[in-house]
Amino acid sequence: DRGMRLAFREWGRPGGPGMVLLHGLTSDGSSFDGVVPALAERWRVLVPDQRGHGVTGPADEYSFELLAEDLGEFVEAQGLVRPVVVGHSMGAVAAYLYAARRPERIGALVLVESPPPFAQQRPVPERPEGALGYDWRARVELVGQVNAPGQGWFEELAKIRVPTLVIGGGPTSPFPQGQMRAMAGQVPGGRFCEIAVGHGVHREAPHEFVALLTEFLAGGDDGEVAGGADVRGGEAG
């Protein structure tokens, strides 16, 4: 199942610095429509539909490892040189696995409401009636991997060598915020910020999300990001 061709949309300056936005499970690239115009003022923004989702359509198999390989092939095919990679939920797992395994290929990493690499208890609901905008098998297999993530994934975070921001959605998130803080602490120089609007951070708080992203990528190291939002991280041990 190698060589998965991802449908994608592109905005911004053709010669500008690259940014790839990776959506979450059951969604597609349109998830980022509310933030793309602001980001495209600075970056060449590419938004693929990942395997099993949107226009890209079904694949033969699904795993976070395959999603990470898809990302690598996409970055190479589009001629991107050390792009910023922003991943939400499912897309965040693909992003951090790629960043850990090919640290020289990306320039910065933003993980939004990433399922932590610790066992979770996310239920797989019954398949809804009617047509779906994604392959149901993708949901079943990837939720299974969220609940039983790869051994060593947490340790792999220490191999990431680029500025990394982990954004949590606060108390109404489906994932433990303390585990997301631990992820940021495992990445050398990683930072954590909470925007307490729940799982869909970029959809629920688009202006705050863009401000936080922009400030982080501008390289501020004073711990103050986006109007004094709390950002904590640490050196990996």
# chains A, B, ... in the order shown; residues from 1 in each chain; ligands from 1
$ select_by_dssp --residues "range 24-217 of chain A" --states "helix (DSSP H, G or I)" --output "MDAnalysis selection string"
chainID A and resid 29:32 36:39 64:77 90:101 103:105 136:147 153:159 177:186 201:204 206:217
$ select_by_dssp --residues "range 26-226 of chain A" --states "strand (DSSP E or B)" --output "list of chain:residue names"
A:Arg44, A:Val45, A:Leu46, A:Val47, A:Pro48, A:His53, A:Val84, A:Val85, A:Val86, A:Gly87, A:His88, A:Ala108, A:Leu109, A:Val110, A:Leu111, A:Val112, A:Tyr134, A:Thr164, A:Leu165, A:Val166, A:Ile167, A:Gly168, A:Gly190, A:Arg191, A:Phe192, A:Cys193, A:Glu194, A:Glu224, A:Val225
$ closest_residue --among "A:Gly198, A:Pro115, A:Pro163, A:Gly189" --to "Phe175 in chain A" --atoms "only C-alpha atoms"
A:Pro115
$ closest_atom_pairs --of "range 99-129 of chain A" --to "range 16-23 of chain A" --cutoff "12 Å" --atoms "only C-alpha atoms" --output "tab-separated table"
residue	atom	partner	partner_atom	distance
A:Arg105	CA	A:Gly18	CA	11.8
A:Ile106	CA	A:Met19	CA	9.6
A:Gly107	CA	A:Gly18	CA	9.2
A:Ala108	CA	A:Met19	CA	9.2
A:Leu109	CA	A:Met19	CA	9.8
A:Val110	CA	A:Leu21	CA	9.5
A:Leu111	CA	A:Leu22	CA	9.8
A:Val112	CA	A:His23	CA	9.8
A:Glu113	CA	A:His23	CA	11.1
A:Ser114	CA	A:His23	CA	11.0
$ closest_residue --among "A:Arg203, A:Arg122, A:Arg102, A:His53" --to "Glu73 in chain A" --atoms "only C-alpha atoms"
A:Arg102
$ residues_around --residues "Arg161 in chain A" --least-positions-apart "3" --cutoff "9 Å" --atoms "only C-alpha atoms" --output "PyMOL selection string"
chain A and resi 99-100+103-104+107-108+158+164+187-189
$ atom_distance --atom1 "CA of Leu80 in chain A" --atom2 "CA of Asp28 in chain A"
21.0 Å
$ closest_residue --among "A:Leu46, A:Ala205, A:Ala38, A:Ala95" --to "Val166 in chain A" --atoms "only C-alpha atoms"
A:Ala95
